[in-house]
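**Student:** One structure, pasted below without further comment.
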Amino acid sequence: MSDTSVQSVSAQYRKQSKAGEIWHRFRKNKGAMVGMVILAVLILIALTVDLWLPMEKVSGINVLEKFTKPCAEHPFGTDEMGRDLFWRCIYATKYSLAIGFVSVMVSMVVGVPLGAVAGYYGGKVETFIMRITDVFSAIPSILMAIAIVSVLGRTMGNLMLAVGISAVPQFTRITRASVLTVKNMEYVEAARALGKNDAYIIFKHILPNCLSPIIVQTTLRVASAIISASSLSFLGIGIKPPLPEWGALLTAGKAYLSGYSYLCLFPGLAIMITVLAFNLVGDALRDAMDPKLKN
Amino acid sequence: MHKYIIKRILMLIPIILGVSFVVFFMMDSAQGNALDIIGIDYSAEKLAELYHEYGYDRSVFYRYYLYMSDLLHGSLGNSIIYKKDVWLLYMQRLPATLKLAGASVALAVILSIPLGIVSARRHGSLVDNASMVGALIGLSMPNYWLGLMLMVYFAQMHHWLPSGGNTDGIRSLILPAVTVGTGLMATMTRTTRSSMLDVIRQDYLRTARSKGVPEKRVINVHALRNALIPIITVVGTELGKALGGAVVTENVFSWPGIGRLIIDGVNQRDTTLVTGCIILTSVLVSIIQLIVDVLYAFVDPRLRAQYTSAGKKSKKKPAPKAQAAKGGA
């Protein structure tokens, strides 16, 4: 009697302390904290920018002030139509972050179940899924994204889809690998002995225990998705220029590179800082969750 | 060992078939084809004739069949816009891409491996922190942006280096190679450091030191050799990435490589050209992967022993080979 209560208390304690322990280690990482603050600010901007930023600041054309170099009034300068680049970059946060998050959601929604099914069932199902994954990952991901966008057409939705699909193989691989380490645990066997069906076991017992590599991968992938999407814009097959998105702003500035290089400098810096923040957080999460580095 | 290599080469076949299938169907379903673009100059009869020749009056499957039967005869077909054999076009452009990829990987290897080793040895020192912050920044920069900024500074402001093309020998190679190399360097430094950190704490290094092996030899021979596997993996994958992913950098510097060829093909809906180029690049990347896997065996005698002892339980890859042929094709 007392034995079981001790066990349940200690189990509860351990459960609390696992997340707590990760958070504790995560918090000690200065880089991670910097990344978190940057991300919080960016997400706040992305979510609220429509509320407080009047559109005339973003797309208000003022030909008299075209190509103003960065100054107090226009911190990032103005472009060929006199639009203030600072406000355009701020407004673009919304689109660039959305592209990053949505495309990673696409890769996750497709890749994780595939990897889970492959790892859980094994055998022919696994061979089939993993061979297809091999085929897709043999195609360099940027070429894959280029091919998809050129087939579907140049819209923001298709861009997200293309960037997302080209990163599916990584998610499939990682999920499969970590499902393989979990699927022979006793608690999975116990659930099976209780007569639970496979879908229940996969979603309730297996995936929750495979989360940490997936979370880390997701964070790092958002970073590379933002870069891939902006690269596609840069190649002229991503978002069409009038829409303010960092890659598109940079591309628009490319035409005036000699003489007005600040038009490329600032959108690029915006991309870099955002990607850096995601990388910092992703790295710290991996370190915090990796038991090998505990000591 | 030979058996393993032959096995791996055979495994390329289903991959090539799969890639050709995926890419062909994707490009084929794109709206509009190259004939619509170049066809403006032709009469209706001539256009109909061309449509027939390229199989556009039949189903996709028929066109895929045509394509594959050509492929089996060793031909990737003719590019519609260049009116030239895709293989020849690819081979014309390949040297430039290889040169760029090779130079940037070489640059990255020369700088990042020593840097990674120093960072690992002085774990937590100023050098370590600085190189890790540097690597993280290098990793976070969009490649093409770095290229543009380098171009502005070195080519347009100071005229030290040419701003593009491949006509100025080694001087025109510097900026593109640094651009691609920076990203590679970031990844390689991080891998070298973490792989060395794993090894450096192990007992046999303490043993080596205590029996009087000089520190230099402990690090460069005992530790590095065991830390090499992850490093080789990264060098291989990054070389593959540099081949496929240099598309963007090639466009920044008007580098006459495969990336530009593919983008031209995409913009003009030249299905044959794009399909051929992507297939060839994928094969190239797979071959590099194969070389990397074989290199493991040279570096690590344990793996070599596994390969040669008729790998039944050896690696995970050779095992599902029988189904692979079916599954992939």
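Letters for chains follow the order of the structure tokens (A, B, ...), residue numbers begin at 1 for each chain, and ligand numbers begin at 1 in the order shown.
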Could you pull the residues within 9 Å of region 297-305 of chain B, counting only C-alpha atoms, minus those fewer than 5 positions along the same chain, as a list of chain:residue names?

**Tutor:**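 Neighbouring residues, sequence-local ones excluded: B:Met1, B:Arg225, B:Asn226, B:Leu228, B:Ile229, B:Ser314.
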
**Student:** At a cut-off of 12 Å, using only C-alpha atoms, what residues contact Asn184 (chain A)? Leave out same-chain residues fewer than 2 positions from it and give the result as a PyMOL selection string.

**Tutor:** chain A and resi 119-121+178-182+186-192+201+205-206

**Student:** Between A:Met36, A:Leu51, A:Ala116, A:Val102, which one has atoms that come closest to Pro208 (chain A), using only C-alpha atoms?

**Tutor:**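 Looking at the shortest contact to Pro208 (chain A), the residue is A:Ala116.
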
**Student:** Applying 12 Å and only C-alpha atoms, which residues near Gln170 (chain A) remain after dropping the ones on its own chain fewer than 5 positions away? List them as a ChimeraX atom specification.

**Tutor:** /A:104,107-108,110-112,114-115,130,133-134,136-138,141,164-165,175-177,213-214,217-218,220-221

**Student:** The selected residues should be written to file as an mmCIF file, in the first residue's frame (atoms: N, CA, C and O atoms).

**Tutor:**
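Output below, filename again.cif:
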data_model
loop_
_atom_site.group_PDB
_atom_site.id
_atom_site.type_symbol
_atom_site.label_atom_id
_atom_site.label_comp_id
_atom_site.auth_asym_id
_atom_site.auth_seq_id
_atom_site.Cartn_x
_atom_site.Cartn_y
_atom_site.Cartn_z
ATOM 1 N N VAL A 104 6.863 24.239 -42.674
ATOM 2 C CA VAL A 104 7.318 23.175 -41.786
ATOM 3 C C VAL A 104 6.133 22.325 -41.319
ATOM 4 O O VAL A 104 6.260 21.110 -41.167
ATOM 5 N N SER A 107 5.631 19.798 -43.965
ATOM 6 C CA SER A 107 6.556 18.654 -43.908
ATOM 7 C C SER A 107 6.241 17.756 -42.729
ATOM 8 O O SER A 107 6.377 16.544 -42.811
ATOM 9 N N MET A 108 5.799 18.373 -41.611
ATOM 10 C CA MET A 108 5.527 17.565 -40.429
ATOM 11 C C MET A 108 4.287 16.693 -40.648
ATOM 12 O O MET A 108 4.304 15.499 -40.350
ATOM 13 N N VAL A 110 3.007 15.577 -43.299
ATOM 14 C CA VAL A 110 3.226 14.465 -44.218
ATOM 15 C C VAL A 110 4.297 13.508 -43.678
ATOM 16 O O VAL A 110 4.118 12.291 -43.683
ATOM 17 N N GLY A 111 5.393 14.081 -43.202
ATOM 18 C CA GLY A 111 6.551 13.251 -42.878
ATOM 19 C C GLY A 111 6.418 12.431 -41.605
ATOM 20 O O GLY A 111 6.821 11.267 -41.581
ATOM 21 N N VAL A 112 5.848 13.026 -40.553
ATOM 22 C CA VAL A 112 5.801 12.319 -39.274
ATOM 23 C C VAL A 112 4.938 11.053 -39.335
ATOM 24 O O VAL A 112 5.398 9.979 -38.945
ATOM 25 N N LEU A 114 4.164 9.262 -41.920
ATOM 26 C CA LEU A 114 4.846 8.283 -42.780
ATOM 27 C C LEU A 114 5.963 7.587 -42.024
ATOM 28 O O LEU A 114 6.082 6.360 -42.051
ATOM 29 N N GLY A 115 6.769 8.375 -41.322
ATOM 30 C CA GLY A 115 7.878 7.801 -40.575
ATOM 31 C C GLY A 115 7.381 6.896 -39.458
ATOM 32 O O GLY A 115 7.935 5.826 -39.213
ATOM 33 N N MET A 130 10.283 3.830 -47.194
ATOM 34 C CA MET A 130 11.652 4.337 -47.131
ATOM 35 C C MET A 130 12.312 4.403 -48.514
ATOM 36 O O MET A 130 13.133 5.270 -48.760
ATOM 37 N N THR A 133 11.088 7.525 -49.944
ATOM 38 C CA THR A 133 11.823 8.606 -49.287
ATOM 39 C C THR A 133 13.217 8.743 -49.881
ATOM 40 O O THR A 133 13.695 9.853 -50.118
ATOM 41 N N ASP A 134 13.871 7.601 -50.139
ATOM 42 C CA ASP A 134 15.200 7.636 -50.762
ATOM 43 C C ASP A 134 15.165 8.368 -52.093
ATOM 44 O O ASP A 134 16.049 9.168 -52.400
ATOM 45 N N PHE A 136 12.984 10.608 -53.107
ATOM 46 C CA PHE A 136 12.774 12.039 -52.944
ATOM 47 C C PHE A 136 14.005 12.734 -52.364
ATOM 48 O O PHE A 136 14.283 13.875 -52.694
ATOM 49 N N SER A 137 14.732 12.020 -51.491
ATOM 50 C CA SER A 137 15.880 12.728 -50.923
ATOM 51 C C SER A 137 17.091 12.654 -51.838
ATOM 52 O O SER A 137 18.077 13.339 -51.597
ATOM 53 N N ALA A 138 17.017 11.852 -52.908
ATOM 54 C CA ALA A 138 18.115 11.867 -53.881
ATOM 55 C C ALA A 138 18.066 13.141 -54.710
ATOM 56 O O ALA A 138 19.078 13.567 -55.254
ATOM 57 N N SER A 141 17.098 19.290 -52.438
ATOM 58 C CA SER A 141 15.810 19.851 -52.037
ATOM 59 C C SER A 141 15.486 21.164 -52.729
ATOM 60 O O SER A 141 14.325 21.430 -53.024
ATOM 61 N N GLY A 164 7.772 22.964 -48.131
ATOM 62 C CA GLY A 164 7.375 21.936 -47.173
ATOM 63 C C GLY A 164 7.632 20.535 -47.698
ATOM 64 O O GLY A 164 8.258 19.712 -47.029
ATOM 65 N N ILE A 165 7.179 20.264 -48.922
ATOM 66 C CA ILE A 165 7.329 18.913 -49.472
ATOM 67 C C ILE A 165 8.799 18.545 -49.609
ATOM 68 O O ILE A 165 9.194 17.409 -49.332
ATOM 69 N N THR A 175 11.593 10.562 -37.703
ATOM 70 C CA THR A 175 10.503 9.936 -36.959
ATOM 71 C C THR A 175 10.674 8.426 -36.948
ATOM 72 O O THR A 175 10.551 7.781 -35.906
ATOM 73 N N ARG A 176 10.999 7.864 -38.109
ATOM 74 C CA ARG A 176 11.163 6.414 -38.174
ATOM 75 C C ARG A 176 12.251 5.966 -37.204
ATOM 76 O O ARG A 176 12.062 5.033 -36.427
ATOM 77 N N ALA A 177 13.390 6.658 -37.255
ATOM 78 C CA ALA A 177 14.496 6.245 -36.400
ATOM 79 C C ALA A 177 14.093 6.273 -34.938
ATOM 80 O O ALA A 177 14.415 5.355 -34.179
ATOM 81 N N PRO A 213 13.316 14.640 -30.691
ATOM 82 C CA PRO A 213 14.007 14.913 -31.963
ATOM 83 C C PRO A 213 13.123 15.645 -32.969
ATOM 84 O O PRO A 213 13.614 16.455 -33.745
ATOM 85 N N ILE A 214 11.809 15.378 -32.909
ATOM 86 C CA ILE A 214 10.918 16.039 -33.870
ATOM 87 C C ILE A 214 10.816 17.534 -33.565
ATOM 88 O O ILE A 214 10.853 18.364 -34.474
ATOM 89 N N GLN A 217 14.042 19.176 -34.678
ATOM 90 C CA GLN A 217 14.062 19.239 -36.137
ATOM 91 C C GLN A 217 13.136 20.347 -36.646
ATOM 92 O O GLN A 217 13.487 21.107 -37.540
ATOM 93 N N THR A 218 11.949 20.443 -36.041
ATOM 94 C CA THR A 218 10.986 21.454 -36.467
ATOM 95 C C THR A 218 11.567 22.850 -36.317
ATOM 96 O O THR A 218 11.514 23.656 -37.253
ATOM 97 N N LEU A 220 14.688 23.824 -36.180
ATOM 98 C CA LEU A 220 15.768 24.103 -37.119
ATOM 99 C C LEU A 220 15.249 24.207 -38.550
ATOM 100 O O LEU A 220 15.765 24.964 -39.359
ATOM 101 N N ARG A 221 14.181 23.429 -38.837
ATOM 102 C CA ARG A 221 13.631 23.448 -40.200
ATOM 103 C C ARG A 221 12.931 24.755 -40.528
ATOM 104 O O ARG A 221 12.909 25.172 -41.682
#

**Student:** May I ask you to extract the residues of chain A within 7 Å of chain B, using only C-alpha atoms, and to give them as an mmCIF file with N, CA, C and O atoms, in the first residue's frame?

**Tutor:**
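The resulting selection17.cif:
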data_model
loop_
_atom_site.group_PDB
_atom_site.id
_atom_site.type_symbol
_atom_site.label_atom_id
_atom_site.label_comp_id
_atom_site.auth_asym_id
_atom_site.auth_seq_id
_atom_site.Cartn_x
_atom_site.Cartn_y
_atom_site.Cartn_z
ATOM 1 N N THR A 127 9.774 -0.816 -46.110
ATOM 2 C CA THR A 127 10.626 -0.787 -47.301
ATOM 3 C C THR A 127 10.038 0.147 -48.343
ATOM 4 O O THR A 127 10.739 0.990 -48.898
ATOM 5 N N PHE A 128 8.720 -0.003 -48.562
ATOM 6 C CA PHE A 128 8.051 0.823 -49.569
ATOM 7 C C PHE A 128 8.213 2.306 -49.247
ATOM 8 O O PHE A 128 8.688 3.085 -50.074
ATOM 9 N N ARG A 131 11.929 3.500 -49.423
ATOM 10 C CA ARG A 131 12.491 3.596 -50.787
ATOM 11 C C ARG A 131 11.990 4.859 -51.463
ATOM 12 O O ARG A 131 12.734 5.549 -52.157
ATOM 13 N N ILE A 132 10.691 5.154 -51.273
ATOM 14 C CA ILE A 132 10.167 6.386 -51.869
ATOM 15 C C ILE A 132 10.878 7.592 -51.260
ATOM 16 O O ILE A 132 11.264 8.536 -51.954
ATOM 17 N N VAL A 135 14.124 8.055 -52.888
ATOM 18 C CA VAL A 135 14.016 8.693 -54.199
ATOM 19 C C VAL A 135 13.884 10.207 -54.029
ATOM 20 O O VAL A 135 14.600 10.982 -54.662
ATOM 21 N N ALA A 138 17.017 11.852 -52.908
ATOM 22 C CA ALA A 138 18.115 11.867 -53.881
ATOM 23 C C ALA A 138 18.066 13.141 -54.710
ATOM 24 O O ALA A 138 19.078 13.567 -55.254
ATOM 25 N N ILE A 139 16.876 13.744 -54.796
ATOM 26 C CA ILE A 139 16.762 14.998 -55.534
ATOM 27 C C ILE A 139 17.113 16.134 -54.585
ATOM 28 O O ILE A 139 16.480 16.278 -53.557
ATOM 29 N N PRO A 140 18.140 16.930 -54.916
ATOM 30 C CA PRO A 140 18.500 18.032 -54.013
ATOM 31 C C PRO A 140 17.276 18.905 -53.713
ATOM 32 O O PRO A 140 16.503 19.215 -54.627
ATOM 33 N N ILE A 142 16.501 21.957 -53.028
ATOM 34 C CA ILE A 142 16.184 23.229 -53.698
ATOM 35 C C ILE A 142 15.664 22.973 -55.111
ATOM 36 O O ILE A 142 14.723 23.618 -55.570
ATOM 37 N N LEU A 143 16.243 21.948 -55.787
ATOM 38 C CA LEU A 143 15.768 21.612 -57.135
ATOM 39 C C LEU A 143 14.338 21.087 -57.075
ATOM 40 O O LEU A 143 13.494 21.390 -57.920
ATOM 41 N N ALA A 147 11.161 22.677 -58.937
ATOM 42 C CA ALA A 147 10.284 21.918 -59.828
ATOM 43 C C ALA A 147 8.827 22.043 -59.383
ATOM 44 O O ALA A 147 7.938 22.280 -60.205
ATOM 45 N N SER A 150 7.384 25.485 -60.107
ATOM 46 C CA SER A 150 7.195 25.751 -61.521
ATOM 47 C C SER A 150 6.008 24.964 -62.063
ATOM 48 O O SER A 150 5.394 25.364 -63.045
ATOM 49 N N VAL A 151 5.665 23.863 -61.413
ATOM 50 C CA VAL A 151 4.489 23.111 -61.845
ATOM 51 C C VAL A 151 3.219 23.762 -61.327
ATOM 52 O O VAL A 151 2.260 23.973 -62.069
ATOM 53 N N LEU A 152 3.221 24.118 -60.038
ATOM 54 C CA LEU A 152 1.980 24.589 -59.424
ATOM 55 C C LEU A 152 1.692 26.054 -59.708
ATOM 56 O O LEU A 152 0.545 26.486 -59.632
ATOM 57 N N ILE A 227 14.936 30.422 -45.287
ATOM 58 C CA ILE A 227 16.009 30.650 -46.257
ATOM 59 C C ILE A 227 15.629 30.091 -47.631
ATOM 60 O O ILE A 227 15.771 30.768 -48.655
ATOM 61 N N SER A 231 15.201 32.098 -51.057
ATOM 62 C CA SER A 231 16.056 31.779 -52.211
ATOM 63 C C SER A 231 15.215 31.630 -53.468
ATOM 64 O O SER A 231 15.603 32.075 -54.545
ATOM 65 N N LEU A 235 15.434 33.644 -56.958
ATOM 66 C CA LEU A 235 15.634 33.073 -58.288
ATOM 67 C C LEU A 235 14.535 33.504 -59.249
ATOM 68 O O LEU A 235 14.562 33.173 -60.428
ATOM 69 N N SER A 258 24.175 48.289 -57.407
ATOM 70 C CA SER A 258 25.287 49.229 -57.463
ATOM 71 C C SER A 258 24.733 50.610 -57.126
ATOM 72 O O SER A 258 23.880 51.132 -57.813
ATOM 73 N N GLY A 268 18.120 41.286 -46.020
ATOM 74 C CA GLY A 268 18.990 40.138 -45.751
ATOM 75 C C GLY A 268 19.305 40.020 -44.271
ATOM 76 O O GLY A 268 19.291 38.926 -43.703
ATOM 77 N N MET A 272 18.585 37.013 -41.704
ATOM 78 C CA MET A 272 19.656 36.408 -40.929
ATOM 79 C C MET A 272 19.323 36.380 -39.445
ATOM 80 O O MET A 272 19.517 35.362 -38.775
ATOM 81 N N VAL A 275 16.594 33.757 -38.734
ATOM 82 C CA VAL A 275 17.117 32.396 -38.850
ATOM 83 C C VAL A 275 18.053 32.095 -37.694
ATOM 84 O O VAL A 275 18.018 31.008 -37.102
ATOM 85 N N LEU A 276 18.866 33.087 -37.330
ATOM 86 C CA LEU A 276 19.780 32.923 -36.199
ATOM 87 C C LEU A 276 19.000 32.603 -34.926
ATOM 88 O O LEU A 276 19.373 31.707 -34.166
#

**Student:** Which distance in Å separates CA of Phe253 (chain B) and CA of Ile146 (chain A), to one decimal?

**Tutor:** 19.0 Å

**Student:** Between B:Val218, B:Leu205, B:Ala120, B:Ala96, which has the minimum distance to Ser254 (chain B) (counting only C-alpha atoms)?

**Tutor:** B:Ala96

**Student:** Using CA of Leu107 (chain B) and CA of Gly181 (chain B) as the two end points, give the distance in Å to one decimal.

**Tutor:**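 According to the coordinates, CA of Leu107 (chain B) and CA of Gly181 (chain B) are separated by 6.3 Å.
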
**Student:** Could you check the closest approach to Tyr65 (chain B) for each of B:Leu173, B:Phe24, B:Leu115, B:Thr167 and tell me which residue wins, using only C-alpha atoms?

**Tutor:** B:Phe24

**Student:** Considering only C-alpha atoms, can you say which of B:Lys46, B:Ala106, B:Leu224, B:Ala208 comes closest to Leu239 (chain B)?

**Tutor:**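 Closest candidate: B:Ala106.
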
**Student:** Skipping near chain neighbours, those fewer than 3 positions away, what residues fall within 7 Å of region 38-50 of chain A using only C-alpha atoms, listed as a list in words?

**Tutor:** Val34, Gly35, Leu53, Tyr91, Thr93, Lys94 and Ala277 of chain A

**Student:** Go ahead and save the residues from that selection, with N, CA, C and O atoms, as a compact mmCIF listing (two decimals), in the first residue's frame.

**Tutor:**
# COMPACT_ATOMS: atom_id res chain seq x y z
N VAL A 34 18.55 34.64 -25.72
CA VAL A 34 18.57 35.70 -26.74
C VAL A 34 17.64 35.32 -27.89
O VAL A 34 16.80 36.11 -28.34
N GLY A 35 17.78 34.07 -28.36
CA GLY A 35 16.95 33.60 -29.46
C GLY A 35 15.47 33.68 -29.12
O GLY A 35 14.66 34.12 -29.93
N LEU A 53 0.04 49.14 -37.75
CA LEU A 53 0.85 49.75 -38.81
C LEU A 53 -0.06 50.16 -39.97
O LEU A 53 -0.62 49.31 -40.65
N TYR A 91 6.66 44.96 -41.86
CA TYR A 91 5.42 44.37 -42.33
C TYR A 91 5.68 42.97 -42.90
O TYR A 91 4.87 42.06 -42.75
N THR A 93 7.61 40.75 -41.95
CA THR A 93 7.76 39.73 -40.91
C THR A 93 6.60 38.75 -40.94
O THR A 93 6.78 37.54 -40.84
N LYS A 94 5.40 39.34 -41.12
CA LYS A 94 4.18 38.53 -41.14
C LYS A 94 4.28 37.42 -42.19
O LYS A 94 4.07 36.25 -41.88
N ALA A 277 17.89 33.32 -34.71
CA ALA A 277 17.10 33.09 -33.50
C ALA A 277 16.58 31.66 -33.47
O ALA A 277 16.66 30.98 -32.44

**Student:** Between CA of Ile271 (chain A) and CA of Ile226 (chain A), what is the spacing in Å?

**Tutor:** 7.5 Å

**Student:** Which residue out of A:Val216, A:Ala225, A:Val117, A:Ala199 has the minimum interatomic distance to Leu161 (chain A) when only C-alpha atoms are used?

**Tutor:**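 Of all the options, A:Ala225 lies closest to Leu161 (chain A).
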
**Student:** Just the alpha helix (DSSP H) stuff from region 19-175 of chain A, please, per backbone DSSP, written as a VMD selection string.

**Tutor:** chain A and resid 19 to 28 30 to 52 55 to 59 85 to 121 123 to 138 141 to 152 156 to 166 168 to 175

**Student:** I'd like the contact shell of Gly82 (chain A) - 10 Å cut-off, only C-alpha atoms, skipping same-chain residues fewer than 4 positions apart - returned as a PDB file with all heavy atoms, in the first residue's frame.

**Tutor:**
ATOM      1  N   SER A  59       3.146  50.866 -48.060  1.00  0.00           N
ATOM      2  CA  SER A  59       3.170  50.923 -49.522  1.00  0.00           C
ATOM      3  C   SER A  59       2.898  52.330 -50.046  1.00  0.00           C
ATOM      4  O   SER A  59       2.572  52.497 -51.216  1.00  0.00           O
ATOM      5  CB  SER A  59       2.170  49.921 -50.093  1.00  0.00           C
ATOM      6  OG  SER A  59       0.954  50.035 -49.415  1.00  0.00           O
ATOM      7  N   GLY A  60       3.012  53.333 -49.161  1.00  0.00           N
ATOM      8  CA  GLY A  60       2.810  54.707 -49.602  1.00  0.00           C
ATOM      9  C   GLY A  60       3.927  55.144 -50.543  1.00  0.00           C
ATOM     10  O   GLY A  60       5.099  55.143 -50.170  1.00  0.00           O
ATOM     11  N   ILE A  61       3.571  55.494 -51.773  1.00  0.00           N
ATOM     12  CA  ILE A  61       4.589  55.877 -52.757  1.00  0.00           C
ATOM     13  C   ILE A  61       4.862  57.375 -52.637  1.00  0.00           C
ATOM     14  O   ILE A  61       3.935  58.173 -52.515  1.00  0.00           O
ATOM     15  CB  ILE A  61       4.097  55.513 -54.177  1.00  0.00           C
ATOM     16  CG1 ILE A  61       3.991  53.995 -54.290  1.00  0.00           C
ATOM     17  CG2 ILE A  61       5.050  56.064 -55.233  1.00  0.00           C
ATOM     18  CD1 ILE A  61       3.375  53.517 -55.566  1.00  0.00           C
ATOM     19  N   ASN A  62       6.131  57.719 -52.610  1.00  0.00           N
ATOM     20  CA  ASN A  62       6.507  59.121 -52.527  1.00  0.00           C
ATOM     21  C   ASN A  62       7.730  59.324 -53.402  1.00  0.00           C
ATOM     22  O   ASN A  62       8.864  59.175 -52.961  1.00  0.00           O
ATOM     23  CB  ASN A  62       6.801  59.481 -51.068  1.00  0.00           C
ATOM     24  CG  ASN A  62       7.132  60.951 -50.925  1.00  0.00           C
ATOM     25  OD1 ASN A  62       7.200  61.679 -51.920  1.00  0.00           O
ATOM     26  ND2 ASN A  62       7.334  61.390 -49.698  1.00  0.00           N
ATOM     27  N   VAL A  63       7.480  59.632 -54.669  1.00  0.00           N
ATOM     28  CA  VAL A  63       8.565  59.641 -55.652  1.00  0.00           C
ATOM     29  C   VAL A  63       9.626  60.683 -55.313  1.00  0.00           C
ATOM     30  O   VAL A  63      10.792  60.523 -55.638  1.00  0.00           O
ATOM     31  CB  VAL A  63       7.992  59.871 -57.063  1.00  0.00           C
ATOM     32  CG1 VAL A  63       9.063  59.667 -58.110  1.00  0.00           C
ATOM     33  CG2 VAL A  63       6.839  58.922 -57.313  1.00  0.00           C
ATOM     34  N   LEU A  64       9.215  61.742 -54.621  1.00  0.00           N
ATOM     35  CA  LEU A  64      10.179  62.796 -54.274  1.00  0.00           C
ATOM     36  C   LEU A  64      11.279  62.264 -53.360  1.00  0.00           C
ATOM     37  O   LEU A  64      12.397  62.773 -53.374  1.00  0.00           O
ATOM     38  CB  LEU A  64       9.473  63.959 -53.577  1.00  0.00           C
ATOM     39  CG  LEU A  64       8.518  64.745 -54.471  1.00  0.00           C
ATOM     40  CD1 LEU A  64       7.797  65.808 -53.680  1.00  0.00           C
ATOM     41  CD2 LEU A  64       9.271  65.353 -55.649  1.00  0.00           C
ATOM     42  N   GLU A  65      10.926  61.259 -52.569  1.00  0.00           N
ATOM     43  CA  GLU A  65      11.902  60.770 -51.603  1.00  0.00           C
ATOM     44  C   GLU A  65      12.552  59.471 -52.047  1.00  0.00           C
ATOM     45  O   GLU A  65      13.085  58.736 -51.224  1.00  0.00           O
ATOM     46  CB  GLU A  65      11.221  60.553 -50.245  1.00  0.00           C
ATOM     47  CG  GLU A  65      10.927  61.841 -49.529  1.00  0.00           C
ATOM     48  CD  GLU A  65      10.531  61.592 -48.086  1.00  0.00           C
ATOM     49  OE1 GLU A  65      10.165  60.441 -47.769  1.00  0.00           O
ATOM     50  OE2 GLU A  65      10.590  62.537 -47.303  1.00  0.00           O
ATOM     51  N   LYS A  66      12.519  59.156 -53.345  1.00  0.00           N
ATOM     52  CA  LYS A  66      13.044  57.858 -53.755  1.00  0.00           C
ATOM     53  C   LYS A  66      14.557  57.782 -53.535  1.00  0.00           C
ATOM     54  O   LYS A  66      15.256  58.785 -53.610  1.00  0.00           O
ATOM     55  CB  LYS A  66      12.692  57.564 -55.216  1.00  0.00           C
ATOM     56  CG  LYS A  66      13.410  58.418 -56.228  1.00  0.00           C
ATOM     57  CD  LYS A  66      13.050  57.967 -57.633  1.00  0.00           C
ATOM     58  CE  LYS A  66      13.795  58.817 -58.644  1.00  0.00           C
ATOM     59  NZ  LYS A  66      13.460  58.460 -60.009  1.00  0.00           N
ATOM     60  N   PHE A  67      15.006  56.564 -53.267  1.00  0.00           N
ATOM     61  CA  PHE A  67      16.429  56.282 -53.016  1.00  0.00           C
ATOM     62  C   PHE A  67      17.037  57.184 -51.948  1.00  0.00           C
ATOM     63  O   PHE A  67      18.159  57.656 -52.102  1.00  0.00           O
ATOM     64  CB  PHE A  67      17.249  56.398 -54.310  1.00  0.00           C
ATOM     65  CG  PHE A  67      16.889  55.352 -55.323  1.00  0.00           C
ATOM     66  CD1 PHE A  67      16.518  55.713 -56.609  1.00  0.00           C
ATOM     67  CD2 PHE A  67      16.915  54.009 -54.987  1.00  0.00           C
ATOM     68  CE1 PHE A  67      16.186  54.741 -57.546  1.00  0.00           C
ATOM     69  CE2 PHE A  67      16.599  53.041 -55.923  1.00  0.00           C
ATOM     70  CZ  PHE A  67      16.223  53.412 -57.209  1.00  0.00           C
ATOM     71  N   THR A  68      16.295  57.436 -50.859  1.00  0.00           N
ATOM     72  CA  THR A  68      16.897  58.146 -49.732  1.00  0.00           C
ATOM     73  C   THR A  68      17.798  57.171 -48.999  1.00  0.00           C
ATOM     74  O   THR A  68      17.388  56.066 -48.683  1.00  0.00           O
ATOM     75  CB  THR A  68      15.812  58.636 -48.764  1.00  0.00           C
ATOM     76  OG1 THR A  68      14.784  59.259 -49.530  1.00  0.00           O
ATOM     77  CG2 THR A  68      16.380  59.615 -47.763  1.00  0.00           C
ATOM     78  N   GLY A  77      16.354  53.535 -45.177  1.00  0.00           N
ATOM     79  CA  GLY A  77      16.313  54.176 -46.473  1.00  0.00           C
ATOM     80  C   GLY A  77      14.987  53.944 -47.188  1.00  0.00           C
ATOM     81  O   GLY A  77      14.065  53.334 -46.640  1.00  0.00           O
ATOM     82  N   THR A  78      14.897  54.426 -48.424  1.00  0.00           N
ATOM     83  CA  THR A  78      13.676  54.214 -49.209  1.00  0.00           C
ATOM     84  C   THR A  78      14.028  53.587 -50.549  1.00  0.00           C
ATOM     85  O   THR A  78      15.164  53.679 -51.006  1.00  0.00           O
ATOM     86  CB  THR A  78      12.935  55.535 -49.480  1.00  0.00           C
ATOM     87  OG1 THR A  78      13.785  56.359 -50.255  1.00  0.00           O
ATOM     88  CG2 THR A  78      12.556  56.230 -48.199  1.00  0.00           C
TER      89      THR A  78
END

**Student:** Using only C-alpha atoms, can you tell me which of B:Asn166, B:Ile6, B:Gln268, B:Ile13 comes closest to Arg93 (chain B)?

**Tutor:**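 Once distances to Arg93 (chain B) are computed over only C-alpha atoms, the minimum belongs to B:Asn166.
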
**Student:** Quick one: everything within 12 Å of Pro70 (chain A), counting only C-alpha atoms, minus sequence neighbours fewer than 5 positions away in the same chain. Send it as a list in words.

**Tutor:**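 Answer for this query is Glu65, Pro75, Phe76, Gly77, Thr78, Asp79, Asp84, Leu85, Phe86, Tyr260, Ser261, Tyr262, Leu263, Leu265 and Phe266 of chain A.
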